[in-house]
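Structure file input_22.csv with CSV, C-alpha atoms:
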chain,number,residue,atom,x,y,z
A,1,MET,CA,-12.8,59.0,8.0
A,2,ILE,CA,-14.5,57.4,4.9
A,3,ASN,CA,-12.7,57.8,1.5
A,4,THR,CA,-15.1,59.4,-0.9
A,5,SER,CA,-13.1,59.1,-4.1
A,6,ILE,CA,-14.8,56.1,-5.9
A,7,ALA,CA,-17.7,56.9,-8.2
A,8,GLN,CA,-21.1,55.4,-7.9
A,9,PRO,CA,-24.6,55.6,-9.6
A,10,LYS,CA,-25.5,58.9,-11.3
A,11,ILE,CA,-28.5,60.7,-9.9
A,12,GLU,CA,-30.0,64.0,-11.3
A,13,LEU,CA,-29.0,66.8,-8.9
A,14,TYR,CA,-32.3,68.5,-9.0
A,15,LYS,CA,-34.3,65.4,-8.1
A,16,LEU,CA,-31.9,64.5,-5.3
A,17,LEU,CA,-32.1,68.0,-3.8
A,18,ARG,CA,-35.8,68.2,-4.3
A,19,ALA,CA,-36.4,65.0,-2.5
A,20,LEU,CA,-34.2,65.8,0.5
A,21,SER,CA,-35.4,69.4,0.7
A,22,LEU,CA,-38.9,68.0,1.4
A,23,ALA,CA,-37.7,67.3,5.0
A,24,MET,CA,-37.0,71.0,5.4
A,25,ASP,CA,-40.6,71.9,4.5
A,26,TYR,CA,-42.0,70.8,7.9
A,27,ASN,CA,-43.1,73.4,10.4
A,28,ARG,CA,-45.5,73.4,13.3
A,29,ASN,CA,-48.4,73.1,10.8
A,30,GLY,CA,-47.0,70.0,9.1
A,31,LEU,CA,-45.6,69.6,5.5
A,32,MET,CA,-45.9,73.0,3.8
A,33,ARG,CA,-44.0,72.2,0.5
A,34,HIS,CA,-42.5,75.7,0.5
A,35,HIS,CA,-39.4,74.8,-1.5
A,36,GLN,CA,-41.5,73.0,-4.1
A,37,ARG,CA,-43.9,75.9,-4.4
A,38,VAL,CA,-41.1,78.4,-4.8
A,39,ALA,CA,-39.5,76.3,-7.5
A,40,LEU,CA,-42.9,76.1,-9.2
A,41,ILE,CA,-43.3,80.0,-9.1
A,42,CYS,CA,-39.8,80.3,-10.4
A,43,SER,CA,-40.5,78.0,-13.3
A,44,TYR,CA,-43.5,80.2,-14.3
A,45,ILE,CA,-41.4,83.4,-14.2
A,46,ALA,CA,-38.5,81.7,-16.0
A,47,LYS,CA,-40.8,80.6,-18.8
A,48,GLU,CA,-42.5,83.9,-19.2
A,49,MET,CA,-39.3,85.9,-19.3
A,50,GLN,CA,-37.7,83.3,-21.6
A,51,LEU,CA,-34.8,82.7,-19.3
A,52,GLU,CA,-31.9,81.0,-21.2
A,53,SER,CA,-32.1,77.3,-20.8
A,54,ALA,CA,-28.6,77.0,-19.4
A,55,LYS,CA,-29.6,78.9,-16.3
A,56,LEU,CA,-32.7,76.9,-15.5
A,57,PRO,CA,-31.0,74.0,-13.6
A,58,GLN,CA,-29.2,76.5,-11.4
A,59,LEU,CA,-32.5,78.4,-10.7
A,60,LEU,CA,-34.5,75.3,-9.9
A,61,CYS,CA,-31.8,73.6,-7.8
A,62,SER,CA,-31.3,76.8,-5.8
A,63,ALA,CA,-35.0,77.3,-5.3
A,64,VAL,CA,-35.5,73.8,-3.8
A,65,ILE,CA,-32.8,74.3,-1.2
A,66,HIS,CA,-32.9,78.1,-0.8
A,67,ASP,CA,-33.6,77.9,3.0
A,68,ALA,CA,-30.8,75.4,3.7
A,69,GLY,CA,-29.6,77.8,6.4
A,70,THR,CA,-32.6,77.0,8.6
A,71,SER,CA,-33.3,73.9,10.8
A,72,THR,CA,-35.6,74.9,13.7
A,73,PHE,CA,-39.3,75.7,13.7
A,74,HIS,CA,-38.4,79.0,15.3
A,75,GLU,CA,-36.1,80.0,12.4
A,76,LYS,CA,-38.8,79.0,9.9
A,77,ALA,CA,-41.5,80.9,11.7
A,78,ASP,CA,-39.4,84.1,11.3
A,79,LEU,CA,-39.3,83.6,7.6
A,80,GLU,CA,-43.0,83.2,7.4
A,81,GLN,CA,-43.4,86.9,8.0
A,82,PHE,CA,-43.6,88.9,4.8
A,83,GLU,CA,-41.0,91.4,5.8
A,84,VAL,CA,-38.3,89.7,7.9
A,85,ASN,CA,-36.1,91.8,10.2
A,86,ASN,CA,-32.8,90.0,9.4
A,87,PRO,CA,-33.3,87.4,6.6
A,88,TRP,CA,-29.7,87.4,5.7
A,89,ARG,CA,-28.4,85.3,8.6
A,90,HIS,CA,-29.9,82.1,7.1
A,91,CYS,CA,-28.7,83.2,3.6
A,92,GLN,CA,-25.1,83.4,4.9
A,93,LYS,CA,-25.4,80.0,6.7
A,94,GLY,CA,-26.8,78.4,3.6
A,95,TYR,CA,-23.9,79.8,1.6
A,96,GLN,CA,-21.4,78.4,4.0
A,97,LEU,CA,-23.0,75.0,3.9
A,98,LEU,CA,-23.0,74.8,0.1
A,99,SER,CA,-19.9,76.7,-0.9
A,100,ASN,CA,-17.4,73.9,-0.2
A,101,MET,CA,-18.8,71.7,-2.9
A,102,PRO,CA,-17.9,72.5,-6.5
A,103,VAL,CA,-21.2,71.2,-7.9
A,104,LEU,CA,-23.1,73.4,-5.4
A,105,LEU,CA,-20.9,76.5,-5.4
A,106,PRO,CA,-23.0,78.3,-8.1
A,107,LEU,CA,-26.1,77.6,-6.0
A,108,ALA,CA,-24.4,78.9,-2.9
A,109,GLU,CA,-23.9,82.3,-4.5
A,110,ILE,CA,-27.5,82.5,-5.5
A,111,ILE,CA,-28.7,81.5,-2.1
A,112,LEU,CA,-26.4,84.1,-0.4
A,113,HIS,CA,-28.3,86.9,-2.1
A,114,HIS,CA,-31.8,85.5,-2.3
A,115,HIS,CA,-33.2,88.1,0.2
A,116,ASP,CA,-31.2,91.1,-1.2
A,117,ARG,CA,-33.5,94.0,-1.8
A,118,TRP,CA,-33.5,95.9,-5.1
A,119,ASP,CA,-33.0,99.2,-3.3
A,120,GLY,CA,-29.7,98.1,-1.8
A,121,GLN,CA,-30.5,97.9,1.9
A,122,ASN,CA,-28.4,94.7,2.1
A,123,PRO,CA,-25.3,93.6,4.1
A,124,SER,CA,-23.8,92.5,0.7
A,125,GLY,CA,-23.8,96.1,-0.5
A,126,LEU,CA,-25.4,95.0,-3.8
A,127,SER,CA,-28.4,96.8,-5.3
A,128,GLY,CA,-30.4,96.7,-8.5
A,129,SER,CA,-29.1,94.7,-11.3
A,130,ALA,CA,-25.8,93.9,-9.5
A,131,ILE,CA,-27.8,91.4,-7.4
A,132,PRO,CA,-27.7,88.0,-9.3
A,133,LEU,CA,-30.7,87.6,-11.5
A,134,LEU,CA,-31.6,84.2,-10.2
A,135,SER,CA,-31.4,85.5,-6.6
A,136,ARG,CA,-33.9,88.2,-7.5
A,137,ILE,CA,-36.3,85.6,-9.1
A,138,ILE,CA,-36.1,83.4,-6.0
A,139,PHE,CA,-36.6,86.3,-3.6
A,140,LEU,CA,-39.8,87.4,-5.5
A,141,ALA,CA,-41.1,83.8,-5.7
A,142,ASP,CA,-40.3,83.2,-2.0
A,143,ARG,CA,-42.3,86.2,-0.8
A,144,VAL,CA,-45.2,85.4,-3.2
A,145,ASP,CA,-45.4,82.0,-1.6
A,146,VAL,CA,-45.4,83.4,1.9
A,147,LEU,CA,-48.4,85.5,1.0
A,148,ALA,CA,-50.0,82.6,-0.9
A,149,GLY,CA,-49.8,80.4,2.2
A,150,ARG,CA,-52.3,82.4,4.2
A,151,PRO,CA,-55.9,81.1,4.8
A,152,GLY,CA,-58.6,81.3,2.2
A,153,ASN,CA,-59.3,80.3,-1.4
A,154,ILE,CA,-56.2,81.1,-3.3
A,155,LEU,CA,-58.1,82.8,-6.2
A,156,ASP,CA,-59.9,85.0,-3.7
A,157,CYS,CA,-56.5,85.9,-2.2
A,158,ARG,CA,-54.8,86.6,-5.5
A,159,PRO,CA,-55.7,90.4,-5.9
A,160,GLU,CA,-54.3,91.2,-2.4
A,161,ILE,CA,-51.1,89.1,-3.1
A,162,VAL,CA,-50.6,91.0,-6.4
A,163,ARG,CA,-51.2,94.3,-4.7
A,164,GLN,CA,-48.7,93.7,-1.9
A,165,ILE,CA,-46.0,92.5,-4.4
A,166,ASN,CA,-46.5,95.5,-6.7
A,167,ALA,CA,-46.4,97.9,-3.8
A,168,ARG,CA,-42.8,97.0,-3.2
A,169,SER,CA,-41.7,97.3,-6.8
A,170,GLY,CA,-38.4,99.2,-6.9
A,171,THR,CA,-37.8,98.8,-3.2
A,172,MET,CA,-37.8,95.1,-2.3
A,173,PHE,CA,-38.2,93.7,-5.9
A,174,ASP,CA,-36.9,94.2,-9.4
A,175,PRO,CA,-39.5,96.3,-11.3
A,176,GLU,CA,-38.9,94.3,-14.5
A,177,LEU,CA,-39.5,91.0,-12.7
A,178,ILE,CA,-42.7,92.5,-11.2
A,179,ASN,CA,-43.9,93.1,-14.7
A,180,VAL,CA,-43.2,89.4,-15.6
A,181,PHE,CA,-44.9,88.3,-12.4
A,182,ASN,CA,-48.0,90.3,-13.2
A,183,LYS,CA,-48.4,88.4,-16.5
A,184,VAL,CA,-48.1,85.0,-14.9
A,185,ALA,CA,-50.3,86.1,-12.0
A,186,ASP,CA,-53.2,86.5,-14.4
A,187,LYS,CA,-53.1,82.7,-15.0
A,188,GLU,CA,-55.4,80.8,-12.6
A,189,SER,CA,-53.2,77.8,-13.3
A,190,LEU,CA,-50.3,79.3,-11.3
A,191,TRP,CA,-52.3,79.7,-8.2
A,192,LEU,CA,-54.2,76.4,-8.5
A,193,ASP,CA,-50.8,74.6,-9.1
A,194,LEU,CA,-49.5,76.1,-5.9
A,195,THR,CA,-52.3,74.7,-3.8
A,196,SER,CA,-52.8,71.5,-5.7
A,197,GLN,CA,-52.4,68.0,-4.3
A,198,PHE,CA,-50.8,67.3,-7.7
A,199,ILE,CA,-47.8,69.7,-7.2
A,200,ASP,CA,-45.3,66.8,-7.6
A,201,ILE,CA,-46.8,65.9,-11.0
A,202,ASN,CA,-47.0,69.6,-12.1
A,203,LEU,CA,-43.3,70.1,-11.2
A,204,ASP,CA,-42.3,67.0,-13.1
A,205,ARG,CA,-44.3,68.1,-16.1
A,206,ARG,CA,-42.8,71.6,-16.1
A,207,LEU,CA,-39.3,70.9,-14.9
A,208,HIS,CA,-38.5,67.6,-16.7
A,209,THR,CA,-35.1,68.6,-17.9
A,210,CYS,CA,-32.3,69.4,-15.4
A,211,PRO,CA,-29.3,67.6,-16.9
A,212,VAL,CA,-26.8,68.1,-14.0
A,213,ILE,CA,-25.9,64.7,-12.5
A,214,THR,CA,-24.1,63.7,-9.4
A,215,GLY,CA,-21.7,60.9,-8.7
A,216,GLN,CA,-20.9,59.2,-5.4
A,217,SER,CA,-18.6,61.9,-4.1
A,218,GLU,CA,-21.3,64.6,-4.7
A,219,ILE,CA,-24.0,62.4,-3.1
A,220,ILE,CA,-21.8,62.0,0.0
A,221,GLY,CA,-21.1,65.8,0.1
A,222,ILE,CA,-24.8,66.7,-0.3
A,223,SER,CA,-25.7,64.1,2.4
A,224,GLN,CA,-23.1,65.7,4.7
A,225,ILE,CA,-24.8,69.1,4.1
A,226,PHE,CA,-28.2,67.7,5.0
A,227,ALA,CA,-26.7,66.0,8.1
A,228,GLU,CA,-25.6,69.4,9.3
A,229,ILE,CA,-29.1,70.8,8.7
A,230,ILE,CA,-30.6,67.8,10.6
A,231,ASP,CA,-28.2,68.1,13.4
A,232,GLY,CA,-28.7,71.8,13.6
A,233,LYS,CA,-32.2,71.1,14.9
A,234,SER,CA,-30.8,70.8,18.5
A,235,PRO,CA,-27.5,71.5,20.2
A,236,PHE,CA,-27.8,68.0,21.7
A,237,THR,CA,-27.6,66.4,18.3
A,238,HIS,CA,-25.1,68.7,16.6
A,239,ARG,CA,-22.9,65.9,15.4
A,240,HIS,CA,-25.2,62.8,15.9
A,241,SER,CA,-25.7,62.0,12.2
A,242,ARG,CA,-22.0,62.2,11.4
A,243,LEU,CA,-21.2,60.0,14.4
A,244,VAL,CA,-23.7,57.4,13.3
A,245,ALA,CA,-22.5,57.5,9.8
A,246,GLU,CA,-18.8,57.1,10.7
A,247,VAL,CA,-19.5,54.3,13.2
A,248,ALA,CA,-21.8,52.4,10.8
A,249,ALA,CA,-19.3,52.6,8.0
A,250,PHE,CA,-16.6,51.4,10.4
A,251,LEU,CA,-18.7,48.4,11.6
A,252,ALA,CA,-19.7,47.6,8.0
A,253,GLY,CA,-16.0,47.4,7.1
A,254,GLN,CA,-15.4,45.0,10.0
A,255,ALA,CA,-18.4,43.0,8.9
A,256,GLY,CA,-16.9,42.5,5.4
A,257,PHE,CA,-18.9,45.1,3.4
A,258,THR,CA,-17.3,46.1,0.2
A,259,ASN,CA,-15.9,49.6,-0.2
A,260,THR,CA,-19.0,50.7,-2.2
A,261,GLN,CA,-21.3,49.3,0.5
A,262,GLN,CA,-19.4,51.1,3.2
A,263,LYS,CA,-19.9,54.4,1.3
A,264,ASN,CA,-23.6,53.6,0.9
A,265,ILE,CA,-24.0,52.9,4.6
A,266,TYR,CA,-22.1,56.1,5.3
A,267,VAL,CA,-24.7,58.1,3.3
A,268,ALA,CA,-27.5,56.1,5.0
A,269,GLY,CA,-26.1,57.1,8.4
A,270,LEU,CA,-25.9,60.8,7.4
A,271,LEU,CA,-29.6,60.8,6.4
A,272,HIS,CA,-31.1,58.3,8.9
A,273,ASP,CA,-32.7,61.1,10.9
A,274,LEU,CA,-33.9,63.2,8.0
A,275,GLY,CA,-37.4,62.9,9.3
A,276,LYS,CA,-36.4,64.6,12.6
A,277,LEU,CA,-36.8,67.9,10.8
A,278,SER,CA,-40.5,67.3,11.3
A,279,ILE,CA,-40.3,67.1,15.1
A,280,PRO,CA,-40.7,70.1,17.4
A,281,GLU,CA,-37.5,71.1,19.2
A,282,GLU,CA,-39.2,71.0,22.6
A,283,ILE,CA,-39.7,67.3,22.2
A,284,LEU,CA,-36.2,66.6,21.0
A,285,GLU,CA,-34.8,68.7,23.9
A,286,LYS,CA,-37.1,67.6,26.6
A,287,PRO,CA,-35.1,67.1,29.8
A,288,ALA,CA,-37.3,64.3,31.0
A,289,GLY,CA,-39.1,61.2,29.7
A,290,LEU,CA,-41.5,61.6,26.8
A,291,SER,CA,-45.2,61.1,27.2
A,292,ARG,CA,-47.0,58.5,25.1
A,293,GLN,CA,-48.3,61.3,22.8
A,294,GLU,CA,-44.8,62.8,22.4
A,295,PHE,CA,-43.3,59.4,21.7
A,296,ASN,CA,-45.9,58.9,19.0
A,297,ILE,CA,-44.7,62.1,17.4
A,298,ILE,CA,-41.1,60.9,17.5
A,299,LYS,CA,-42.2,57.7,15.8
A,300,GLN,CA,-43.1,59.5,12.6
A,301,HIS,CA,-39.4,60.5,11.9
A,302,THR,CA,-38.3,57.1,10.5
A,303,TYR,CA,-41.5,56.9,8.4
A,304,ILE,CA,-40.8,60.3,6.9
A,305,THR,CA,-37.2,59.3,6.3
A,306,TYR,CA,-38.4,56.2,4.4
A,307,GLN,CA,-40.9,58.1,2.3
A,308,ILE,CA,-38.5,60.8,1.3
A,309,LEU,CA,-35.6,58.5,0.4
A,310,SER,CA,-37.9,56.3,-1.6
A,311,MET,CA,-38.4,59.2,-4.0
A,312,ILE,CA,-34.7,58.9,-5.1
A,313,ASN,CA,-34.1,56.2,-7.7
A,314,GLY,CA,-30.9,54.3,-6.8
A,315,PHE,CA,-31.4,54.8,-3.1
A,316,GLU,CA,-33.3,51.6,-2.4
A,317,GLU,CA,-30.6,49.9,-0.3
A,318,ILE,CA,-29.6,53.2,1.4
A,319,ASN,CA,-33.2,53.8,2.3
A,320,GLN,CA,-33.6,50.4,4.0
A,321,TRP,CA,-30.4,50.9,6.0
A,322,ALA,CA,-31.4,54.4,7.0
A,323,ALA,CA,-35.1,54.1,7.7
A,324,TYR,CA,-35.1,50.8,9.6
A,325,HIS,CA,-32.8,52.0,12.4
A,326,HIS,CA,-35.5,51.8,15.0
A,327,GLU,CA,-36.8,48.4,13.9
A,328,LYS,CA,-36.0,45.4,16.2
A,329,LEU,CA,-35.3,41.8,15.4
A,330,ASN,CA,-38.1,40.8,17.7
A,331,GLY,CA,-40.7,42.8,15.8
A,332,GLU,CA,-41.2,45.4,18.5
A,333,GLY,CA,-39.6,48.3,16.7
A,334,TYR,CA,-41.2,51.1,14.7
A,335,PRO,CA,-42.7,52.1,12.4
A,336,PHE,CA,-43.0,48.9,10.3
A,337,HIS,CA,-42.6,46.3,13.0
A,338,LEU,CA,-40.2,44.3,10.9
A,339,THR,CA,-38.7,41.1,12.2
A,340,GLY,CA,-35.2,39.7,11.9
A,341,ALA,CA,-36.0,38.0,8.6
A,342,ASP,CA,-37.0,41.4,7.1
A,343,MET,CA,-34.0,43.3,8.3
A,344,PRO,CA,-30.9,43.6,6.1
A,345,THR,CA,-27.5,43.4,7.7
A,346,GLY,CA,-27.0,47.1,6.9
A,347,SER,CA,-30.1,48.0,8.9
A,348,ARG,CA,-28.9,45.9,11.8
A,349,ILE,CA,-25.5,47.7,11.7
A,350,MET,CA,-27.3,51.1,11.6
A,351,ALA,CA,-29.4,50.2,14.6
A,352,VAL,CA,-26.3,49.3,16.6
A,353,ALA,CA,-24.4,52.5,15.5
A,354,ASP,CA,-27.4,54.7,16.3
A,355,ILE,CA,-27.9,53.2,19.8
A,356,PHE,CA,-24.1,53.4,20.6
A,357,SER,CA,-24.0,57.0,19.4
A,358,ALA,CA,-27.1,58.0,21.4
A,359,LEU,CA,-25.7,56.4,24.6
A,360,VAL,CA,-22.2,58.0,24.4
A,361,GLU,CA,-23.5,61.5,23.5
A,362,ASP,CA,-24.8,64.1,26.0
A,363,ARG,CA,-28.5,64.4,26.1
A,364,PRO,CA,-30.8,67.0,27.8
A,365,TYR,CA,-31.6,64.5,30.6
A,366,ARG,CA,-28.0,63.0,31.1
A,367,LYS,CA,-24.4,63.1,30.2
A,368,GLY,CA,-22.9,60.6,27.8
A,369,LEU,CA,-22.5,57.2,29.4
A,370,PRO,CA,-19.2,55.4,30.2
A,371,ARG,CA,-18.2,52.2,28.4
A,372,HIS,CA,-19.4,49.8,31.1
A,373,ARG,CA,-22.9,51.3,31.1
A,374,VAL,CA,-23.1,51.3,27.3
A,375,GLU,CA,-22.1,47.6,27.2
A,376,GLU,CA,-24.6,46.7,29.9
A,377,ILE,CA,-27.5,48.4,28.1
A,378,MET,CA,-26.6,47.0,24.7
A,379,ILE,CA,-26.0,43.5,25.9
A,380,ARG,CA,-29.4,43.5,27.5
A,381,MET,CA,-30.9,44.7,24.2
A,382,ALA,CA,-29.2,41.8,22.4
A,383,GLU,CA,-30.6,39.3,24.8
A,384,THR,CA,-34.1,40.5,24.1
A,385,ARG,CA,-33.4,40.4,20.4
A,386,SER,CA,-33.8,44.2,20.0
A,387,ILE,CA,-30.5,44.3,18.2
A,388,ASP,CA,-28.2,41.9,16.4
A,389,ARG,CA,-25.8,40.0,18.8
A,390,GLU,CA,-23.1,39.5,16.2
A,391,ILE,CA,-23.1,43.1,15.1
A,392,LEU,CA,-22.9,44.1,18.8
A,393,GLN,CA,-19.9,41.8,19.2
A,394,ILE,CA,-18.1,43.6,16.4
A,395,LEU,CA,-18.7,46.9,18.2
A,396,MET,CA,-17.5,45.4,21.6
A,397,ASP,CA,-14.4,44.0,19.9
A,398,ASN,CA,-13.6,47.4,18.4
A,399,TYR,CA,-15.0,49.7,21.1
A,400,LYS,CA,-11.9,51.8,21.4
A,401,GLU,CA,-11.9,52.5,17.7
A,402,ALA,CA,-15.6,53.6,17.9
A,403,GLU,CA,-14.7,55.9,20.8
A,404,ASN,CA,-11.9,57.4,18.8
A,405,ILE,CA,-14.4,58.2,16.0
A,406,LYS,CA,-16.5,60.1,18.6
A,407,GLU,CA,-13.5,62.0,19.9
A,408,ALA,CA,-12.2,62.9,16.4
A,409,LEU,CA,-15.6,64.4,15.6
A,410,ALA,CA,-15.7,66.3,18.9
A,411,VAL,CA,-12.4,68.1,18.1
A,412,GLY,CA,-13.3,68.5,14.4
Full structure transcribed into structure tokens:
Amino acid sequence: MINTSIAQPKIELYKLLRALSLAMDYNRNGLMRHHQRVALICSYIAKEMQLESAKLPQLLCSAVIHDAGTSTFHEKADLEQFEVNNPWRHCQKGYQLLSNMPVLLPLAEIILHHHDRWDGQNPSGLSGSAIPLLSRIIFLADRVDVLAGRPGNILDCRPEIVRQINARSGTMFDPELINVFNKVADKESLWLDLTSQFIDINLDRRLHTCPVITGQSEIIGISQIFAEIIDGKSPFTHRHSRLVAEVAAFLAGQAGFTNTQQKNIYVAGLLHDLGKLSIPEEILEKPAGLSRQEFNIIKQHTYITYQILSMINGFEEINQWAAYHHEKLNGEGYPFHLTGADMPTGSRIMAVADIFSALVEDRPYRKGLPRHRVEEIMIRMAETRSIDREILQILMDNYKEAENIKEALAVG
């Protein structure tokens, strides 16, 4: 396994989480920006109630990943109902994902309780002011956004949204927070910001100061969490991102990459399928070949990965290595149709690691393939200049080590 002890560039935690969480905001209707919208509502509430500045980074970072416990469109559809039968399952899963990282542990506690009701009908046993304040704010903002996402002009919908929220004061929601919400709800700017094409700009303007920063070990840890979210999309990919990351880092070491470069390609491997959170599960799990229309939907995932990772300053190299993993040296890959001259060595390594991993893993339509079949397929791909022959040779020379990585992940 990769050693994560050496530090690397510093990136603002909020900006990193906000970019990556954009991938979680896809549902069957496309990009909904739910996490950004909840963060925006939280910022309005926090400003109105004069929340102490030291708590603002925790509130905003928690808001932009509050649904980390969901991966599938089905899970997201359940949460789009205003009153959810069992909202705490994804809260507990989100808590488990985040609680092993010291930098995210304060967020984990907030996320654990972000659906706790004021009246105490909660698995946690908490009620009223015993529920963490930041959890109460996110719960209110989250449910406001669910109501605000319904069809119609947002200003026309405002009175009904306010009515429904106020009707649950003292049962679902903190009455004092409802009073704060009523003040900000009077501002047309809140509702227009929520539905604006300029939401990114509005967030940057309002949330420009979140001083918490991350080093390389935190970046790797956060990437591992998102890899779990990505791989939770389907039981057939439940460790795919981790396998690609480990194999890519191993091949990079054999190819002479520095220790820092190996860490970067490990992160790239963890995040290479970030865009798959936008793909319906029935396509990912289809037990037969894809139609042309379905394959066209699949093709968007690398483009989305590229666009999201491009939002993170300092991720330029990681982005190329991650997002180009379906490009081919002969120019017949997707989505950019790069040729060999445009493909960095890290991207070539990622392509080989991804193909190897896909071939040896079980899929809906077949079991994982034995070595001779993997070699046969990949050698043919090298002959047509789909993948790099030299990188493939490194894999073939170290095939047993790559297999051992897969087996170690299987038992882990």
Leaving out Trp118 of chain A and any residue of its chain fewer than 2 positions from it, which residues lie within 9 Å of it when counting only C-alpha atoms, given as a PDB file with C-alpha atoms, in the frame of the given file?
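Printed below is part14.pdb as written:
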ATOM      1  CA  ASP A 116     -31.200  91.100  -1.200  1.00  0.00           C
ATOM      2  CA  GLY A 120     -29.700  98.100  -1.800  1.00  0.00           C
ATOM      3  CA  GLN A 121     -30.500  97.900   1.900  1.00  0.00           C
ATOM      4  CA  ASN A 122     -28.400  94.700   2.100  1.00  0.00           C
ATOM      5  CA  LEU A 126     -25.400  95.000  -3.800  1.00  0.00           C
ATOM      6  CA  SER A 127     -28.400  96.800  -5.300  1.00  0.00           C
ATOM      7  CA  GLY A 128     -30.400  96.700  -8.500  1.00  0.00           C
ATOM      8  CA  SER A 129     -29.100  94.700 -11.300  1.00  0.00           C
ATOM      9  CA  ILE A 131     -27.800  91.400  -7.400  1.00  0.00           C
ATOM     10  CA  ARG A 136     -33.900  88.200  -7.500  1.00  0.00           C
ATOM     11  CA  SER A 169     -41.700  97.300  -6.800  1.00  0.00           C
ATOM     12  CA  GLY A 170     -38.400  99.200  -6.900  1.00  0.00           C
ATOM     13  CA  THR A 171     -37.800  98.800  -3.200  1.00  0.00           C
ATOM     14  CA  MET A 172     -37.800  95.100  -2.300  1.00  0.00           C
ATOM     15  CA  PHE A 173     -38.200  93.700  -5.900  1.00  0.00           C
ATOM     16  CA  ASP A 174     -36.900  94.200  -9.400  1.00  0.00           C
ATOM     17  CA  PRO A 175     -39.500  96.300 -11.300  1.00  0.00           C
TER      18      PRO A 175
END
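In terms of minimum interatomic distance to Ile304 of chain A, A:Lys276 ranks closest within A:Lys233, A:Arg163, A:Lys276, A:His35, counting all atoms listed in the file.
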(message) Nearest residue to Glu281 of chain A out of A:Ile111, A:Ile297, A:Ala382, A:Val267, using only C-alpha atoms?
(response) A:Ile297
(request) Using atom CA of Arg348 of chain A and atom CA of Leu309 of chain A as the two end points, give the distance in Å to one decimal. (result)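 Spanning atom CA of Arg348 of chain A to atom CA of Leu309 of chain A is a straight-line distance of 18.3 Å.
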Please, which residues in segment 163-228 of chain A fall within 12 Å of segment 140-157 of chain A when counting all atoms listed in the file, and what is the closest atom pair and distance in Å to one decimal for each, ordered by chain then residue number, as a tab-separated table?
residue	atom	partner	partner_atom	distance
A:Arg163	CA	A:Cys157	CA	10.2
A:Gln164	CA	A:Leu147	CA	8.7
A:Ile165	CA	A:Val144	CA	7.2
A:Asn166	CA	A:Leu140	CA	10.6
A:Arg168	CA	A:Leu140	CA	10.3
A:Ser169	CA	A:Leu140	CA	10.2
A:Gly170	CA	A:Leu140	CA	12.0
A:Thr171	CA	A:Leu140	CA	11.8
A:Met172	CA	A:Leu140	CA	8.6
A:Phe173	CA	A:Leu140	CA	6.5
A:Asp174	CA	A:Leu140	CA	8.4
A:Pro175	CA	A:Leu140	CA	10.6
A:Glu176	CA	A:Leu140	CA	11.4
A:Leu177	CA	A:Leu140	CA	8.1
A:Ile178	CA	A:Leu140	CA	8.2
A:Asn179	CA	A:Leu140	CA	11.6
A:Val180	CA	A:Leu140	CA	10.8
A:Phe181	CA	A:Leu140	CA	8.6
A:Asn182	CA	A:Val144	CA	11.5
A:Val184	CA	A:Ala141	CA	11.6
A:Ala185	CA	A:Val144	CA	10.2
A:Asp186	CA	A:Leu155	CA	10.2
A:Lys187	CA	A:Leu155	CA	10.1
A:Glu188	CA	A:Leu155	CA	7.2
A:Ser189	CA	A:Leu155	CA	10.0
A:Leu190	CA	A:Leu155	CA	10.0
A:Trp191	CA	A:Ile154	CA	6.4
A:Leu192	CA	A:Ile154	CA	7.3
A:Asp193	CA	A:Ile154	CA	10.2
A:Leu194	CA	A:Ala148	CA	8.2
A:Thr195	CA	A:Ile154	CA	7.5
A:Ser196	CA	A:Ile154	CA	10.5
(request) Have a look at A:Ser241, A:Gln254, A:Gln216, A:Ser386 and name the one nearest to Glu361 of chain A; count only C-alpha atoms. (result) A:Ser241
Restrict the calculation to only C-alpha atoms, then for each residue of segment 127-204 of chain A with any atom at most 10 Å from an atom of segment 51-70 of chain A give the closest atom pair and their distance in Å to one decimal, rows by chain and rising residue number, as CSV.
residue,atom,partner,partner_atom,distance
A:Leu133,CA,A:Leu59,CA,9.4
A:Leu134,CA,A:Leu59,CA,5.9
A:Ser135,CA,A:Leu59,CA,8.3
A:Ile137,CA,A:Leu59,CA,8.3
A:Ile138,CA,A:Ala63,CA,6.2
A:Phe139,CA,A:Ala63,CA,9.3
A:Ala141,CA,A:Ala63,CA,8.9
A:Asp142,CA,A:Ala63,CA,8.6
(request) Determine the nearest neighbour of Ile161 of chain A from the options A:Lys15, A:Ala410, A:Phe82, A:Ile279, counting only C-alpha atoms. (result)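 Distance minimum relative to Ile161 of chain A lands on A:Phe82.
Going from atom CA of Gly368 of chain A over to atom CA of Asp273 of chain A, you cover 19.5 Å.
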(request) Go through A:Leu16, A:Ile229, A:Ala288, A:Leu97 and flag the residue nearest Arg366 of chain A, using all atoms listed in the file for the distances. (result)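 Checking each of A:Leu16, A:Ile229, A:Ala288, A:Leu97 against Arg366 of chain A, counting all atoms listed in the file, the winner is A:Ala288.
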(request) Write out as a PyMOL selection string which residues come within 8 Å of Ala248 of chain A when counting only C-alpha atoms, dropping same-chain ones fewer than 5 positions away. (result) chain A and resi 265-266+269+349-350+352-353
(request) Name the residues in contact with segment 375-380 of chain A at a cut-off of 9 Å, using only C-alpha atoms, excluding same-chain residues fewer than 5 positions from it; report them as a ChimeraX atom specification. (result) /A:352,355-356,359,370,385-387,389,392,396
(message) Taking only C-alpha atoms into account, name the residue in A:Pro344, A:Gly94, A:Pro235, A:Pro102 that is nearest to Gly221 of chain A.
(response) A:Pro102
(message) For a test of reading the model, state the distance in Å between atom CA of Asp200 of chain A and atom CA of Tyr44 of chain A, rounded to one decimal.
(response) 15.1 Å
